[in-house]
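Input: a single structure, listed below in structure tokens.
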Amino acid sequence: MMTAKLEEKKHYILKDFIEGSRLSIPIALGYFPVSFTFGLMAVRGGIPVWIVILISMTNLTSAGQFAGTNLIIAGAGLAEIAVTTFVINIRYMLMSLSLSQKLANGISSLKRWVMAFGVTDETFTVAAMQKRDITFPLMAGLELLPYVGWAAGTAAGAAVCTLLPETLQNSMGIALYSMFIALVIPAAKKSRPAFMVAGCAIAISSTLKWLPVFSTVSGGWRIIISTVIACTLGALLFPPEEIRHGGGDE
Amino acid sequence: MNKVLAGVLVMALVTYLPRALPLAIFQNKIRSRFITAFLSYVPYAVLGAMIFPDILYSTGHLPSAIAGLVIASVMAYFERGLLQVAVCAIIGVYVCELIIVRMV
């Protein structure tokens with residue numbers, strides 16, 4: 001009896017991990033050109049190869065990492081590095097908070113601290129769009145390959161360093177954004193609220209970027225302000241028809 | 001060298017904490033309908049705000065960025081995979097960049 005249950009549990013752990021890994025393959029491959037560009041840029045800026053790879057392995061984020069590394073190259077102080085990187089990364093708080101509501105019941109604190117490390121724009125979005133609760137093995141599978149892809153791309157970029165023509169480097173700048181597009185458009189096609197919320201966020205983000213009054217608003221704050229306003233409008237205009245209650249209810 | 005490593009450590013910390021704290025703190029489901037709805041819309045809003053207008057400045061020139069945007073959007077509309085969309089957008093932008101460089 002006990003062993004049968006144990007077998008069943010093992011089976012679900014493996015199944016979820018494989019499902020997560022399968023979902024993560026395109027993310028991992030898509031990361032490659034982005035982190036490649038990062039490796040290239042950082043080594044060019046004079047940072048030793050092993051530290052460049054260390055940055056990718058400890059940060060695992062695109063925008064924050066690019067900005068922080070540029071500041072290091074420019075010889076900025078630690079406070080400036082901390083504040084700039086933090087502002088760019090505040091959006092992860094919204095993502096992790098959103099993810100916390102999608103997690104299966106009974107995931108330990110330790111596992112939460114571990115899975116938090118691999119929360120990126122893409123792994124979060126793919127997890128958030130699953131129809132099911134997110135378990136630890138699923139999230140671990142979803143995060144592992146992108147982590148490897150991010151580190152490997154950085155290493156490759158750092159090794160190649162100078163050989164790449166500028167035209168090709170410029171072209172790789174589109175990689176990250178095209179991944180975002182590939183994630184959001186299919187979702188917006190199927191759900192009117194998703195369409196409206198994304199559209200609203202785009203409108204606010206453009207306003208903040210282009211209206212001279214808001215010229216002091218940095219990229220990180222722009223994303224946060226746009227997200228908060230768009231989600232507030234979304235929650236007011238499209239309240240969910242049914243809310244899942246966890247377990248024993250009233 | 002130590003200064004660089006200190007910078008890396010600081011970056012890692014301010015990247016990890018925003019990810020970890022909400023997951024560690026909110027271990028129970030939030031009851032408020034409003035907040036639940038708000039949080040369910042976060043992925044779409046974040047993606048939208050991150051894509052536009054930043055994508056326009058992501059390549060060397062505005063026309064090539066627009067080409068990439070259009071290619072990615074059309075392919076995403078027909079639900080092509082993440083990787084396929086990314087690779088085609090890169091190729092499209094690259095071709096555009098080559099043309100632009102020749103013309104200038």
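Identifiers in the structure tokens: chain A, B, ... in order shown; residue index from 1 per chain; ligand index from 1 in order shown.
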Select from stretch 27-77 of chain B every residue with an atom at most 9 Å from any atom of stretch 96-115 of chain A, then for each give the shortest pair of atoms and their distance in Å to one decimal, using only C-alpha atoms, rows by chain and rising number, as JSON lines.
```
{"residue": "B:Gln27", "atom": "CA", "partner": "A:Ser100", "partner_atom": "CA", "distance": 6.8}
{"residue": "B:Asn28", "atom": "CA", "partner": "A:Gln101", "partner_atom": "CA", "distance": 7.5}
{"residue": "B:Lys29", "atom": "CA", "partner": "A:Gln101", "partner_atom": "CA", "distance": 5.6}
{"residue": "B:Ile30", "atom": "CA", "partner": "A:Gln101", "partner_atom": "CA", "distance": 7.1}
{"residue": "B:Thr36", "atom": "CA", "partner": "A:Gln101", "partner_atom": "CA", "distance": 7.7}
{"residue": "B:Phe38", "atom": "CA", "partner": "A:Ser98", "partner_atom": "CA", "distance": 8.6}
{"residue": "B:Leu39", "atom": "CA", "partner": "A:Ser98", "partner_atom": "CA", "distance": 4.8}
{"residue": "B:Ser40", "atom": "CA", "partner": "A:Ser98", "partner_atom": "CA", "distance": 6.4}
{"residue": "B:Tyr41", "atom": "CA", "partner": "A:Ser98", "partner_atom": "CA", "distance": 8.6}
{"residue": "B:Val42", "atom": "CA", "partner": "A:Ser98", "partner_atom": "CA", "distance": 6.9}
{"residue": "B:Pro43", "atom": "CA", "partner": "A:Ser98", "partner_atom": "CA", "distance": 8.4}
```
Okay, now the selection with N, CA and C atoms, as a compact mmCIF listing (two decimals), in the first residue's frame?
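The new file result38.txt reads:
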```
# COMPACT_ATOMS: atom_id res chain seq x y z
N GLN B 27 1.75 32.36 0.98
CA GLN B 27 1.64 30.91 0.86
C GLN B 27 0.20 30.46 0.74
N ASN B 28 -0.75 31.35 1.01
CA ASN B 28 -2.16 30.97 0.90
C ASN B 28 -2.82 31.70 -0.24
N LYS B 29 -3.93 31.15 -0.69
CA LYS B 29 -4.67 31.81 -1.76
C LYS B 29 -5.31 33.10 -1.22
N ILE B 30 -5.21 34.15 -2.01
CA ILE B 30 -5.82 35.42 -1.64
C ILE B 30 -7.31 35.34 -1.93
N THR B 36 -7.37 38.80 -7.02
CA THR B 36 -7.15 37.59 -7.81
C THR B 36 -7.24 37.90 -9.30
N PHE B 38 -6.86 40.87 -10.70
CA PHE B 38 -5.71 41.73 -10.99
C PHE B 38 -4.47 40.89 -11.30
N LEU B 39 -4.19 39.93 -10.42
CA LEU B 39 -2.98 39.13 -10.58
C LEU B 39 -3.05 38.21 -11.79
N SER B 40 -4.26 37.78 -12.14
CA SER B 40 -4.39 36.89 -13.30
C SER B 40 -4.11 37.64 -14.61
N TYR B 41 -4.21 38.97 -14.56
CA TYR B 41 -3.95 39.76 -15.78
C TYR B 41 -2.50 40.22 -15.89
N VAL B 42 -1.72 39.98 -14.84
CA VAL B 42 -0.33 40.47 -14.83
C VAL B 42 0.49 40.02 -16.06
N PRO B 43 0.43 38.72 -16.45
CA PRO B 43 1.30 38.34 -17.58
C PRO B 43 1.02 39.15 -18.85
```
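Non-sequential neighbours of A:Arg44 (distance at most 10 Å, separation of 3 or more positions within a chain, only C-alpha atoms) are Phe38, Gly39, Leu40, Met41, Ile47, Pro48, Val49, Ile73, Ala158, Cys161 and Thr162 of chain A.
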Output N, CA and C atoms of each residue in that selection to a file, as a short mmCIF file (atom, residue, chain, number, x, y, z; two decimals), in the first residue's frame.
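That gives us again_18.cif:
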```cif
data_model
loop_
_atom_site.label_atom_id
_atom_site.label_comp_id
_atom_site.auth_asym_id
_atom_site.auth_seq_id
_atom_site.Cartn_x
_atom_site.Cartn_y
_atom_site.Cartn_z
N PHE A 38 24.52 39.34 -24.84
CA PHE A 38 25.00 39.83 -23.54
C PHE A 38 26.47 39.49 -23.33
N GLY A 39 26.83 38.22 -23.60
CA GLY A 39 28.21 37.77 -23.41
C GLY A 39 29.18 38.60 -24.22
N LEU A 40 28.77 38.83 -25.46
CA LEU A 40 29.56 39.63 -26.39
C LEU A 40 29.80 41.03 -25.85
N MET A 41 28.71 41.66 -25.43
CA MET A 41 28.76 43.05 -24.98
C MET A 41 29.62 43.20 -23.72
N ILE A 47 35.00 43.11 -19.11
CA ILE A 47 34.79 42.23 -17.96
C ILE A 47 35.33 40.84 -18.30
N PRO A 48 36.10 40.22 -17.37
CA PRO A 48 36.67 38.89 -17.64
C PRO A 48 35.57 37.86 -17.96
N VAL A 49 35.94 36.93 -18.84
CA VAL A 49 34.97 35.96 -19.33
C VAL A 49 34.27 35.23 -18.18
N ILE A 73 30.66 48.40 -16.02
CA ILE A 73 31.67 48.78 -17.02
C ILE A 73 31.98 50.27 -16.92
N ALA A 158 30.64 35.22 -25.04
CA ALA A 158 31.87 35.69 -24.43
C ALA A 158 33.09 35.13 -25.16
N CYS A 161 33.19 36.80 -28.78
CA CYS A 161 33.62 38.15 -28.46
C CYS A 161 33.55 39.14 -29.62
N THR A 162 34.51 39.19 -30.52
CA THR A 162 34.55 40.32 -31.45
C THR A 162 34.21 39.97 -32.89
#
```
What's around A:Phe195 at 12 Å? Count only C-alpha atoms, leave out sequence neighbours fewer than 5 positions away in its own chain, and write the answer as a ChimeraX atom specification. /A:184-190,200-202,230-231,234,238 /B:41,43-45,47-48
Within 8 Å of B:Ala67 using only C-alpha atoms, minus same-chain residues under 5 positions, as a PyMOL selection string: chain B and resi 89+92-93+96
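Residue nearest chain A, chosen from B:Met1, B:Ala86, B:Ile66, B:Leu13 and counting only C-alpha atoms: B:Ala86.
Nearest to chain B of all the residues A:Ala151, A:Leu60, A:Leu208, A:Ala116 is A:Ala116, based on only C-alpha atoms.
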Run DSSP on the backbone and give me the residues of stretch 155-199 of chain A it puts in helix (DSSP H, G or I), as a VMD selection string. chain A and resid 155 to 160 166 to 172 174 to 190 192 to 199
At a cut-off of 7 Å, list the chain B residues touching chain A, using only C-alpha atoms, as number ranges by chain. B: 4, 7-8, 10-12, 14-16, 18-20, 22-24, 26-27, 29, 34, 37-53, 55, 58-60, 68, 72-73, 76-77, 79, 82-83, 85-86, 89-90, 93-94, 97-98
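Note that atom CA of B:Ile71 and atom CA of A:Arg192 are 22.8 Å apart.
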Atomic distance atom CA of A:Ala156 - atom CA of A:Ala42, expressed in Å with one decimal: 12.1 Å
Any idea what the distance is between atom CA of B:Val101 and atom CA of B:Ala65? 14.1 Å
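With distances taken over only C-alpha atoms, A:Phe32 is the one residue among A:Ala74, A:Phe32, A:Ile134, A:Thr37 lying closest to A:Val148.
Proximity of B:Arg31, B:Gly81, B:Val95, B:Ile100 to A:Leu23, computed with only C-alpha atoms, is greatest for B:Gly81.
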